[in-house]
Amino acid sequence: MPFAEKIRRRGRGLASRLVHRGWGWVRETGAISAEQPGPLRFAALGPCTKLAFPQGTIFNEHAIAIGCYCIIGERVSMSAGFAPGLRLGDEPILRIGDGCVIGRDSNIVGHQSILIEDNVWTGPSVYISDQNHSYDDPHLPIGKQWPRNEPVRIGAGSWIGTGAVILPGADIGRNVVVAANAVVRGHVPDNTVVAGAPAKPVRRWTQAEGWQPPIRTTPPRAIPEGVTHEELLALIGWDLHLPPEVADSVAVDPDADPVS
């Protein structure tokens with residue numbers, strides 16, 4: 001190989017490493033957390049929560065409250081109200097509980113009340129809103145007609161699949177599975193799987209009958225009993241406990257089982 005070509009290849013390799021190291025530094029530095037809030041001032045931002053960089057559009061964050069142990073993915077947009085700079089009262093409009101994961105490229109648009117309870121996880125590109133356009137007047141452009149607001153609640157422990165749309169008035173129970181690309185409005189009972197547009201129940205769990213129709217796949221193996229915190233940390237590579245410096249300032253038991 002000619003000497004000049006060797007130099008060019010080594011130069012490209014060095015440049016590639018520098019670019020990736022630089023981008024890693026930018027991502028880490030640009031991430032938002034309670035310890036590193038950047039320009040954003042949320043109504044609440046819990047310990048060990050991180051908003052990955054780059055963030056999506058975020059405005060009126062004074063009306064957005066996020067709990068601890070949350071992961072907000074890249075390019076997630078969260079807004080309260082119609083436009084930046086609004087004063088929206090003392091109570092948060094958008095509330096995200098503890099232990100939630102919001103997938104990248106998702107959009108959460110609140111105007112009246114959106115409550116995402118603890119341990120709700122979403123896939124990428126999920127859309128959640130408590131406001132819809134109205135079209136009562138056939139002579140007026142729809143975009144100029146006064147919209148309708150209805151509160152949204154997503155119950156604790158639920159999973160919202162990729163591309164799902166949660167519409168105004170949705171009241172989703174605990175441990176609900178919303179299938180990918182489903183469109184949800186109205187009440188969804190606890191322990192239900194919904195799919196489709198509009199979303200309909202396709203599976204439900206009851207104490208008497210279990211899952212109906214039955215789940216035909218083998219359940220995943222649970223973590224064996226007796227696994228220590230150190231062994232779990234070695235397995236997954238990161239610590240689920242609050243750091244000691246913040247454990248005393250929040251209502252979380254630092255010795256609690258992080259898996260449960």
# chains A, B, ... in the order shown; residues from 1 in each chain; ligands from 1

call {"tool": "residues_around", "arguments": {"residues": "stretch 171-174 of chain A", "least_positions_apart": "6", "cutoff": "10 Å", "atoms": "only C-alpha atoms", "output": "compact mmCIF listing (two decimals) with N, CA and C atoms, in the first residue's frame"}}
result
# COMPACT_ATOMS: atom_id res chain seq x y z
N LEU A 115 -51.49 12.73 33.10
CA LEU A 115 -50.86 12.04 34.22
C LEU A 115 -50.32 10.70 33.74
N ILE A 116 -49.01 10.55 33.80
CA ILE A 116 -48.35 9.28 33.50
C ILE A 116 -47.84 8.74 34.83
N GLU A 117 -48.45 7.67 35.31
CA GLU A 117 -48.12 7.17 36.64
C GLU A 117 -46.80 6.43 36.65
N ASP A 118 -46.41 5.90 37.82
CA ASP A 118 -45.10 5.29 38.00
C ASP A 118 -44.88 4.09 37.07
N ASN A 119 -43.63 3.93 36.65
CA ASN A 119 -43.17 2.74 35.92
C ASN A 119 -43.91 2.50 34.61
N VAL A 120 -44.30 3.57 33.96
CA VAL A 120 -44.85 3.46 32.60
C VAL A 120 -43.69 3.55 31.62
N PRO A 151 -58.85 15.27 30.09
CA PRO A 151 -57.68 14.75 30.79
C PRO A 151 -57.29 13.35 30.31
N VAL A 152 -56.00 13.06 30.42
CA VAL A 152 -55.44 11.76 30.05
C VAL A 152 -54.75 11.17 31.26
N ARG A 153 -54.97 9.88 31.50
CA ARG A 153 -54.24 9.16 32.55
C ARG A 153 -53.74 7.84 31.99
N ILE A 154 -52.46 7.54 32.27
CA ILE A 154 -51.88 6.24 31.92
C ILE A 154 -51.46 5.59 33.23
N GLY A 155 -52.07 4.46 33.56
CA GLY A 155 -51.89 3.83 34.85
C GLY A 155 -50.51 3.23 35.04
N ALA A 156 -50.15 3.06 36.30
CA ALA A 156 -48.82 2.57 36.68
C ALA A 156 -48.53 1.21 36.06
N GLY A 157 -47.29 1.04 35.64
CA GLY A 157 -46.83 -0.25 35.14
C GLY A 157 -47.22 -0.57 33.72
N SER A 158 -47.82 0.36 33.00
CA SER A 158 -48.29 0.07 31.65
C SER A 158 -47.16 0.19 30.63
N TRP A 159 -47.38 -0.45 29.51
CA TRP A 159 -46.42 -0.42 28.39
C TRP A 159 -47.14 0.10 27.16
N VAL A 184 -55.75 5.02 21.06
CA VAL A 184 -56.51 4.75 22.29
C VAL A 184 -57.29 5.98 22.69
N ARG A 185 -58.59 5.75 22.99
CA ARG A 185 -59.42 6.78 23.60
C ARG A 185 -60.42 6.07 24.50
N GLY A 186 -60.81 6.71 25.58
CA GLY A 186 -61.76 6.11 26.50
C GLY A 186 -61.07 5.26 27.56
N HIS A 187 -61.88 4.51 28.31
CA HIS A 187 -61.37 3.74 29.44
C HIS A 187 -60.83 2.39 29.00
N VAL A 188 -59.66 2.03 29.54
CA VAL A 188 -59.08 0.71 29.35
C VAL A 188 -58.89 0.09 30.73
N PRO A 189 -59.52 -1.05 31.03
CA PRO A 189 -59.41 -1.63 32.38
C PRO A 189 -57.99 -2.10 32.67
N ASP A 190 -57.71 -2.30 33.97
CA ASP A 190 -56.42 -2.86 34.39
C ASP A 190 -56.16 -4.19 33.70
N ASN A 191 -54.86 -4.50 33.52
CA ASN A 191 -54.44 -5.83 33.04
C ASN A 191 -55.15 -6.23 31.75
N THR A 192 -55.11 -5.32 30.80
CA THR A 192 -55.73 -5.55 29.49
C THR A 192 -54.71 -5.27 28.40

call {"tool": "select_by_dssp", "arguments": {"residues": "stretch 88-228 of chain A", "states": "strand (DSSP E or B)", "output": "PDB file with N, CA and C atoms, in the first residue's frame"}}
result
ATOM      1  N   LEU A  94     -48.515  18.542  32.952  1.00  0.00           N
ATOM      2  CA  LEU A  94     -47.964  17.241  32.584  1.00  0.00           C
ATOM      3  C   LEU A  94     -47.199  16.686  33.773  1.00  0.00           C
ATOM      4  N   ARG A  95     -47.609  15.508  34.246  1.00  0.00           N
ATOM      5  CA  ARG A  95     -46.952  14.871  35.382  1.00  0.00           C
ATOM      6  C   ARG A  95     -46.504  13.462  34.970  1.00  0.00           C
ATOM      7  N   ILE A  96     -45.229  13.207  35.149  1.00  0.00           N
ATOM      8  CA  ILE A  96     -44.634  11.903  34.845  1.00  0.00           C
ATOM      9  C   ILE A  96     -44.108  11.343  36.149  1.00  0.00           C
ATOM     10  N   VAL A 101     -40.013   5.432  31.452  1.00  0.00           N
ATOM     11  CA  VAL A 101     -39.127   5.496  30.285  1.00  0.00           C
ATOM     12  C   VAL A 101     -39.964   5.984  29.106  1.00  0.00           C
ATOM     13  N   ILE A 102     -39.562   7.093  28.520  1.00  0.00           N
ATOM     14  CA  ILE A 102     -40.252   7.638  27.348  1.00  0.00           C
ATOM     15  C   ILE A 102     -39.342   7.457  26.139  1.00  0.00           C
ATOM     16  N   ASN A 107     -43.807  12.386  21.535  1.00  0.00           N
ATOM     17  CA  ASN A 107     -44.342  13.727  21.727  1.00  0.00           C
ATOM     18  C   ASN A 107     -45.445  13.680  22.781  1.00  0.00           C
ATOM     19  N   ILE A 108     -45.321  14.524  23.800  1.00  0.00           N
ATOM     20  CA  ILE A 108     -46.338  14.624  24.838  1.00  0.00           C
ATOM     21  C   ILE A 108     -46.773  16.080  24.891  1.00  0.00           C
ATOM     22  N   VAL A 109     -48.050  16.319  24.554  1.00  0.00           N
ATOM     23  CA  VAL A 109     -48.553  17.679  24.411  1.00  0.00           C
ATOM     24  C   VAL A 109     -49.712  17.863  25.379  1.00  0.00           C
ATOM     25  N   GLY A 110     -49.501  18.654  26.440  1.00  0.00           N
ATOM     26  CA  GLY A 110     -50.513  18.831  27.469  1.00  0.00           C
ATOM     27  C   GLY A 110     -51.088  20.235  27.476  1.00  0.00           C
ATOM     28  N   ILE A 114     -52.298  15.779  31.849  1.00  0.00           N
ATOM     29  CA  ILE A 114     -51.797  14.466  31.440  1.00  0.00           C
ATOM     30  C   ILE A 114     -51.057  13.886  32.635  1.00  0.00           C
ATOM     31  N   LEU A 115     -51.489  12.727  33.097  1.00  0.00           N
ATOM     32  CA  LEU A 115     -50.857  12.040  34.220  1.00  0.00           C
ATOM     33  C   LEU A 115     -50.318  10.702  33.737  1.00  0.00           C
ATOM     34  N   ILE A 116     -49.011  10.548  33.802  1.00  0.00           N
ATOM     35  CA  ILE A 116     -48.351   9.277  33.499  1.00  0.00           C
ATOM     36  C   ILE A 116     -47.842   8.741  34.829  1.00  0.00           C
ATOM     37  N   TRP A 121     -43.643   2.623  30.676  1.00  0.00           N
ATOM     38  CA  TRP A 121     -42.605   2.629  29.641  1.00  0.00           C
ATOM     39  C   TRP A 121     -43.276   2.767  28.287  1.00  0.00           C
ATOM     40  N   THR A 122     -42.643   3.528  27.406  1.00  0.00           N
ATOM     41  CA  THR A 122     -43.161   3.638  26.047  1.00  0.00           C
ATOM     42  C   THR A 122     -42.065   3.282  25.050  1.00  0.00           C
ATOM     43  N   TYR A 127     -47.301   9.222  20.680  1.00  0.00           N
ATOM     44  CA  TYR A 127     -47.908  10.552  20.752  1.00  0.00           C
ATOM     45  C   TYR A 127     -48.997  10.532  21.815  1.00  0.00           C
ATOM     46  N   ILE A 128     -48.906  11.479  22.763  1.00  0.00           N
ATOM     47  CA  ILE A 128     -49.881  11.580  23.853  1.00  0.00           C
ATOM     48  C   ILE A 128     -50.350  13.019  23.926  1.00  0.00           C
ATOM     49  N   SER A 129     -51.674  13.239  23.884  1.00  0.00           N
ATOM     50  CA  SER A 129     -52.195  14.598  23.970  1.00  0.00           C
ATOM     51  C   SER A 129     -53.554  14.585  24.649  1.00  0.00           C
ATOM     52  N   GLN A 131     -55.627  17.206  24.022  1.00  0.00           N
ATOM     53  CA  GLN A 131     -56.384  18.184  23.247  1.00  0.00           C
ATOM     54  C   GLN A 131     -56.593  17.699  21.823  1.00  0.00           C
ATOM     55  N   ASN A 132     -57.789  17.973  21.302  1.00  0.00           N
ATOM     56  CA  ASN A 132     -58.110  17.603  19.934  1.00  0.00           C
ATOM     57  C   ASN A 132     -58.793  18.770  19.242  1.00  0.00           C
ATOM     58  N   ARG A 148     -60.978  21.025  21.916  1.00  0.00           N
ATOM     59  CA  ARG A 148     -61.565  20.397  23.100  1.00  0.00           C
ATOM     60  C   ARG A 148     -60.461  19.724  23.909  1.00  0.00           C
ATOM     61  N   ASN A 149     -60.519  19.904  25.220  1.00  0.00           N
ATOM     62  CA  ASN A 149     -59.568  19.259  26.129  1.00  0.00           C
ATOM     63  C   ASN A 149     -60.271  18.195  26.958  1.00  0.00           C
ATOM     64  N   VAL A 152     -56.001  13.063  30.420  1.00  0.00           N
ATOM     65  CA  VAL A 152     -55.444  11.759  30.051  1.00  0.00           C
ATOM     66  C   VAL A 152     -54.745  11.167  31.264  1.00  0.00           C
ATOM     67  N   ARG A 153     -54.968   9.878  31.500  1.00  0.00           N
ATOM     68  CA  ARG A 153     -54.244   9.158  32.553  1.00  0.00           C
ATOM     69  C   ARG A 153     -53.737   7.839  31.987  1.00  0.00           C
ATOM     70  N   ILE A 154     -52.459   7.543  32.268  1.00  0.00           N
ATOM     71  CA  ILE A 154     -51.878   6.241  31.918  1.00  0.00           C
ATOM     72  C   ILE A 154     -51.462   5.592  33.229  1.00  0.00           C
ATOM     73  N   TRP A 159     -47.375  -0.449  29.507  1.00  0.00           N
ATOM     74  CA  TRP A 159     -46.422  -0.416  28.394  1.00  0.00           C
ATOM     75  C   TRP A 159     -47.141   0.099  27.160  1.00  0.00           C
ATOM     76  N   ILE A 160     -46.602   1.153  26.553  1.00  0.00           N
ATOM     77  CA  ILE A 160     -47.190   1.759  25.358  1.00  0.00           C
ATOM     78  C   ILE A 160     -46.264   1.470  24.187  1.00  0.00           C
ATOM     79  N   VAL A 165     -50.869   6.080  19.657  1.00  0.00           N
ATOM     80  CA  VAL A 165     -51.427   7.421  19.834  1.00  0.00           C
ATOM     81  C   VAL A 165     -52.424   7.364  20.987  1.00  0.00           C
ATOM     82  N   ILE A 166     -52.190   8.186  22.013  1.00  0.00           N
ATOM     83  CA  ILE A 166     -53.080   8.254  23.160  1.00  0.00           C
ATOM     84  C   ILE A 166     -53.848   9.561  23.046  1.00  0.00           C
ATOM     85  N   ASP A 171     -58.238   6.952  29.505  1.00  0.00           N
ATOM     86  CA  ASP A 171     -58.051   6.596  30.913  1.00  0.00           C
ATOM     87  C   ASP A 171     -57.586   5.149  30.942  1.00  0.00           C
ATOM     88  N   ILE A 172     -56.276   4.975  30.934  1.00  0.00           N
ATOM     89  CA  ILE A 172     -55.664   3.651  30.792  1.00  0.00           C
ATOM     90  C   ILE A 172     -55.323   3.123  32.177  1.00  0.00           C
ATOM     91  N   VAL A 177     -51.165  -3.170  28.332  1.00  0.00           N
ATOM     92  CA  VAL A 177     -50.306  -3.193  27.152  1.00  0.00           C
ATOM     93  C   VAL A 177     -51.070  -2.550  26.000  1.00  0.00           C
ATOM     94  N   VAL A 178     -50.491  -1.499  25.439  1.00  0.00           N
ATOM     95  CA  VAL A 178     -51.045  -0.868  24.243  1.00  0.00           C
ATOM     96  C   VAL A 178     -50.154  -1.274  23.077  1.00  0.00           C
ATOM     97  N   VAL A 183     -54.491   3.219  18.531  1.00  0.00           N
ATOM     98  CA  VAL A 183     -55.039   4.554  18.785  1.00  0.00           C
ATOM     99  C   VAL A 183     -56.053   4.414  19.912  1.00  0.00           C
ATOM    100  N   VAL A 184     -55.747   5.016  21.064  1.00  0.00           N
ATOM    101  CA  VAL A 184     -56.512   4.754  22.288  1.00  0.00           C
ATOM    102  C   VAL A 184     -57.290   5.981  22.693  1.00  0.00           C
ATOM    103  N   HIS A 187     -61.877   4.508  28.308  1.00  0.00           N
ATOM    104  CA  HIS A 187     -61.371   3.745  29.444  1.00  0.00           C
ATOM    105  C   HIS A 187     -60.834   2.389  29.004  1.00  0.00           C
ATOM    106  N   VAL A 188     -59.661   2.031  29.543  1.00  0.00           N
ATOM    107  CA  VAL A 188     -59.079   0.707  29.347  1.00  0.00           C
ATOM    108  C   VAL A 188     -58.886   0.091  30.730  1.00  0.00           C
ATOM    109  N   THR A 192     -55.108  -5.315  30.798  1.00  0.00           N
ATOM    110  CA  THR A 192     -55.729  -5.547  29.493  1.00  0.00           C
ATOM    111  C   THR A 192     -54.713  -5.267  28.404  1.00  0.00           C
ATOM    112  N   VAL A 193     -54.802  -6.009  27.305  1.00  0.00           N
ATOM    113  CA  VAL A 193     -54.021  -5.739  26.106  1.00  0.00           C
ATOM    114  C   VAL A 193     -54.964  -5.194  25.050  1.00  0.00           C
ATOM    115  N   VAL A 194     -54.640  -4.005  24.506  1.00  0.00           N
ATOM    116  CA  VAL A 194     -55.476  -3.415  23.464  1.00  0.00           C
ATOM    117  C   VAL A 194     -54.651  -3.237  22.203  1.00  0.00           C
ATOM    118  N   ALA A 195     -55.333  -3.313  21.070  1.00  0.00           N
ATOM    119  CA  ALA A 195     -54.663  -3.162  19.773  1.00  0.00           C
ATOM    120  C   ALA A 195     -55.656  -2.609  18.773  1.00  0.00           C
ATOM    121  N   LYS A 200     -59.037  -1.855  20.644  1.00  0.00           N
ATOM    122  CA  LYS A 200     -60.015  -2.750  21.260  1.00  0.00           C
ATOM    123  C   LYS A 200     -59.273  -3.782  22.109  1.00  0.00           C
ATOM    124  N   PRO A 201     -59.905  -4.282  23.191  1.00  0.00           N
ATOM    125  CA  PRO A 201     -59.258  -5.323  23.997  1.00  0.00           C
ATOM    126  C   PRO A 201     -59.074  -6.613  23.195  1.00  0.00           C
ATOM    127  N   VAL A 202     -57.867  -7.169  23.276  1.00  0.00           N
ATOM    128  CA  VAL A 202     -57.596  -8.458  22.632  1.00  0.00           C
ATOM    129  C   VAL A 202     -57.208  -9.521  23.658  1.00  0.00           C
ATOM    130  N   ARG A 203     -56.921  -9.128  24.884  1.00  0.00           N
ATOM    131  CA  ARG A 203     -56.596 -10.092  25.938  1.00  0.00           C
ATOM    132  C   ARG A 203     -56.807  -9.407  27.284  1.00  0.00           C
ATOM    133  N   ARG A 204     -57.342 -10.160  28.262  1.00  0.00           N
ATOM    134  CA  ARG A 204     -57.554  -9.607  29.599  1.00  0.00           C
ATOM    135  C   ARG A 204     -57.197 -10.637  30.648  1.00  0.00           C
ATOM    136  N   TRP A 205     -56.827 -10.133  31.821  1.00  0.00           N
ATOM    137  CA  TRP A 205     -56.488 -10.999  32.952  1.00  0.00           C
ATOM    138  C   TRP A 205     -57.489 -10.780  34.074  1.00  0.00           C
ATOM    139  N   THR A 206     -57.961 -11.874  34.657  1.00  0.00           N
ATOM    140  CA  THR A 206     -58.788 -11.805  35.852  1.00  0.00           C
ATOM    141  C   THR A 206     -58.249 -12.791  36.874  1.00  0.00           C
ATOM    142  N   GLY A 210     -57.257 -15.972  34.954  1.00  0.00           N
ATOM    143  CA  GLY A 210     -55.950 -15.654  34.400  1.00  0.00           C
ATOM    144  C   GLY A 210     -56.111 -14.935  33.077  1.00  0.00           C
ATOM    145  N   TRP A 211     -55.124 -15.092  32.188  1.00  0.00           N
ATOM    146  CA  TRP A 211     -55.172 -14.418  30.892  1.00  0.00           C
ATOM    147  C   TRP A 211     -56.102 -15.158  29.938  1.00  0.00           C
ATOM    148  N   GLN A 212     -57.023 -14.420  29.342  1.00  0.00           N
ATOM    149  CA  GLN A 212     -57.934 -14.955  28.332  1.00  0.00           C
ATOM    150  C   GLN A 212     -57.930 -14.038  27.112  1.00  0.00           C
TER     151      GLN A 212
END

call {"tool": "atom_distance", "arguments": {"atom1": "atom CA of A:Arg27", "atom2": "atom CA of A:Gly56"}}
result
13.5 Å

call {"tool": "residues_around", "arguments": {"residues": "stretch 78-81 of chain A", "least_positions_apart": "2", "cutoff": "9 Å", "atoms": "only C-alpha atoms", "output": "number ranges by chain"}}
result
A: 56-64, 76, 83-84, 86-88, 92-94, 106-112

call {"tool": "closest_residue", "arguments": {"among": "A:Cys100, A:Arg12, A:Ala170, A:Ile66", "to": "A:Ala44", "atoms": "only C-alpha atoms"}}
result
A:Ile66

call {"tool": "residues_around", "arguments": {"residues": "stretch 49-51 of chain A", "least_positions_apart": "5", "cutoff": "7 Å", "atoms": "only C-alpha atoms", "output": "mmCIF file with all heavy atoms, in the first residue's frame"}}
result
data_model
loop_
_atom_site.group_PDB
_atom_site.id
_atom_site.type_symbol
_atom_site.label_atom_id
_atom_site.label_comp_id
_atom_site.auth_asym_id
_atom_site.auth_seq_id
_atom_site.Cartn_x
_atom_site.Cartn_y
_atom_site.Cartn_z
ATOM 1 N N ALA A 31 -27.036 16.372 28.236
ATOM 2 C CA ALA A 31 -28.136 15.701 28.927
ATOM 3 C C ALA A 31 -28.638 16.572 30.077
ATOM 4 O O ALA A 31 -27.882 17.306 30.704
ATOM 5 C CB ALA A 31 -27.687 14.342 29.447
ATOM 6 N N ILE A 32 -29.942 16.472 30.354
ATOM 7 C CA ILE A 32 -30.574 17.259 31.410
ATOM 8 C C ILE A 32 -30.868 16.352 32.603
ATOM 9 O O ILE A 32 -31.380 15.249 32.449
ATOM 10 C CB ILE A 32 -31.882 17.890 30.903
ATOM 11 C CG1 ILE A 32 -31.605 18.863 29.754
ATOM 12 C CG2 ILE A 32 -32.632 18.586 32.032
ATOM 13 C CD1 ILE A 32 -30.795 20.058 30.119
ATOM 14 N N SER A 33 -30.546 16.825 33.792
ATOM 15 C CA SER A 33 -30.849 16.106 35.021
ATOM 16 C C SER A 33 -31.043 17.128 36.128
ATOM 17 O O SER A 33 -30.811 18.324 35.938
ATOM 18 C CB SER A 33 -29.715 15.132 35.373
ATOM 19 O OG SER A 33 -28.528 15.841 35.694
ATOM 20 N N CYS A 68 -38.388 10.614 39.847
ATOM 21 C CA CYS A 68 -37.015 10.103 39.863
ATOM 22 C C CYS A 68 -36.902 8.805 39.062
ATOM 23 O O CYS A 68 -37.901 8.162 38.735
ATOM 24 C CB CYS A 68 -36.535 9.892 41.298
ATOM 25 S SG CYS A 68 -37.466 8.675 42.234
ATOM 26 N N TYR A 69 -35.662 8.447 38.733
ATOM 27 C CA TYR A 69 -35.356 7.218 37.993
ATOM 28 C C TYR A 69 -36.015 7.156 36.617
ATOM 29 O O TYR A 69 -36.336 6.080 36.116
ATOM 30 C CB TYR A 69 -35.767 5.981 38.787
ATOM 31 C CG TYR A 69 -34.822 5.601 39.888
ATOM 32 C CD1 TYR A 69 -35.284 5.436 41.188
ATOM 33 C CD2 TYR A 69 -33.476 5.400 39.638
ATOM 34 C CE1 TYR A 69 -34.427 5.085 42.212
ATOM 35 C CE2 TYR A 69 -32.620 5.046 40.649
ATOM 36 C CZ TYR A 69 -33.086 4.887 41.933
ATOM 37 O OH TYR A 69 -32.228 4.541 42.939
ATOM 38 N N CYS A 70 -36.259 8.272 35.985
ATOM 39 C CA CYS A 70 -36.865 8.288 34.656
ATOM 40 C C CYS A 70 -35.790 8.418 33.582
ATOM 41 O O CYS A 70 -34.750 9.042 33.800
ATOM 42 C CB CYS A 70 -37.854 9.442 34.513
ATOM 43 S SG CYS A 70 -39.311 9.297 35.560
ATOM 44 N N ILE A 71 -36.071 7.842 32.431
ATOM 45 C CA ILE A 71 -35.224 8.007 31.253
ATOM 46 C C ILE A 71 -36.091 8.599 30.146
ATOM 47 O O ILE A 71 -37.067 7.977 29.715
ATOM 48 C CB ILE A 71 -34.627 6.665 30.788
ATOM 49 C CG1 ILE A 71 -33.765 6.046 31.894
ATOM 50 C CG2 ILE A 71 -33.806 6.861 29.509
ATOM 51 C CD1 ILE A 71 -33.289 4.643 31.574
ATOM 52 N N ILE A 72 -35.760 9.792 29.732
ATOM 53 C CA ILE A 72 -36.459 10.452 28.630
ATOM 54 C C ILE A 72 -35.529 10.392 27.425
ATOM 55 O O ILE A 72 -34.441 10.954 27.433
ATOM 56 C CB ILE A 72 -36.802 11.913 28.971
ATOM 57 C CG1 ILE A 72 -37.464 12.014 30.352
ATOM 58 C CG2 ILE A 72 -37.672 12.512 27.877
ATOM 59 C CD1 ILE A 72 -38.773 11.303 30.484
ATOM 60 N N GLY A 73 -35.946 9.684 26.391
ATOM 61 C CA GLY A 73 -35.062 9.404 25.267
ATOM 62 C C GLY A 73 -34.745 10.619 24.421
ATOM 63 O O GLY A 73 -35.255 11.733 24.632
#

call {"tool": "select_by_dssp", "arguments": {"residues": "stretch 12-185 of chain A", "states": "helix (DSSP H, G or I)", "output": "count of residues only"}}
result
25

call {"tool": "atom_distance", "arguments": {"atom1": "atom CA of A:Ala182", "atom2": "atom CA of A:Gly99"}}
result
23.3 Å

call {"tool": "decode", "arguments": {"residues": "stretch 181-196 of chain A", "atoms": "N, CA and C atoms", "output": "mmCIF file, in the first residue's frame"}}
result
data_model
loop_
_atom_site.group_PDB
_atom_site.id
_atom_site.type_symbol
_atom_site.label_atom_id
_atom_site.label_comp_id
_atom_site.auth_asym_id
_atom_site.auth_seq_id
_atom_site.Cartn_x
_atom_site.Cartn_y
_atom_site.Cartn_z
ATOM 1 N N ASN A 181 -48.775 1.076 17.276
ATOM 2 C CA ASN A 181 -49.628 1.784 16.320
ATOM 3 C C ASN A 181 -51.107 1.797 16.708
ATOM 4 N N ALA A 182 -51.421 1.407 17.943
ATOM 5 C CA ALA A 182 -52.804 1.487 18.400
ATOM 6 C C ALA A 182 -53.197 2.941 18.628
ATOM 7 N N VAL A 183 -54.491 3.219 18.531
ATOM 8 C CA VAL A 183 -55.039 4.554 18.785
ATOM 9 C C VAL A 183 -56.053 4.414 19.912
ATOM 10 N N VAL A 184 -55.747 5.016 21.064
ATOM 11 C CA VAL A 184 -56.512 4.754 22.288
ATOM 12 C C VAL A 184 -57.290 5.981 22.693
ATOM 13 N N ARG A 185 -58.586 5.753 22.987
ATOM 14 C CA ARG A 185 -59.417 6.777 23.602
ATOM 15 C C ARG A 185 -60.425 6.071 24.504
ATOM 16 N N GLY A 186 -60.805 6.714 25.583
ATOM 17 C CA GLY A 186 -61.760 6.107 26.502
ATOM 18 C C GLY A 186 -61.073 5.262 27.557
ATOM 19 N N HIS A 187 -61.877 4.508 28.308
ATOM 20 C CA HIS A 187 -61.371 3.745 29.444
ATOM 21 C C HIS A 187 -60.834 2.389 29.004
ATOM 22 N N VAL A 188 -59.661 2.031 29.543
ATOM 23 C CA VAL A 188 -59.079 0.707 29.347
ATOM 24 C C VAL A 188 -58.886 0.091 30.730
ATOM 25 N N PRO A 189 -59.520 -1.050 31.034
ATOM 26 C CA PRO A 189 -59.408 -1.626 32.375
ATOM 27 C C PRO A 189 -57.985 -2.104 32.675
ATOM 28 N N ASP A 190 -57.707 -2.299 33.966
ATOM 29 C CA ASP A 190 -56.421 -2.857 34.388
ATOM 30 C C ASP A 190 -56.160 -4.189 33.704
ATOM 31 N N ASN A 191 -54.862 -4.499 33.525
ATOM 32 C CA ASN A 191 -54.443 -5.826 33.045
ATOM 33 C C ASN A 191 -55.148 -6.226 31.750
ATOM 34 N N THR A 192 -55.108 -5.315 30.798
ATOM 35 C CA THR A 192 -55.729 -5.547 29.493
ATOM 36 C C THR A 192 -54.713 -5.267 28.404
ATOM 37 N N VAL A 193 -54.802 -6.009 27.305
ATOM 38 C CA VAL A 193 -54.021 -5.739 26.106
ATOM 39 C C VAL A 193 -54.964 -5.194 25.050
ATOM 40 N N VAL A 194 -54.640 -4.005 24.506
ATOM 41 C CA VAL A 194 -55.476 -3.415 23.464
ATOM 42 C C VAL A 194 -54.651 -3.237 22.203
ATOM 43 N N ALA A 195 -55.333 -3.313 21.070
ATOM 44 C CA ALA A 195 -54.663 -3.162 19.773
ATOM 45 C C ALA A 195 -55.656 -2.609 18.773
ATOM 46 N N GLY A 196 -55.126 -1.977 17.731
ATOM 47 C CA GLY A 196 -55.960 -1.514 16.630
ATOM 48 C C GLY A 196 -56.254 -0.035 16.680
#
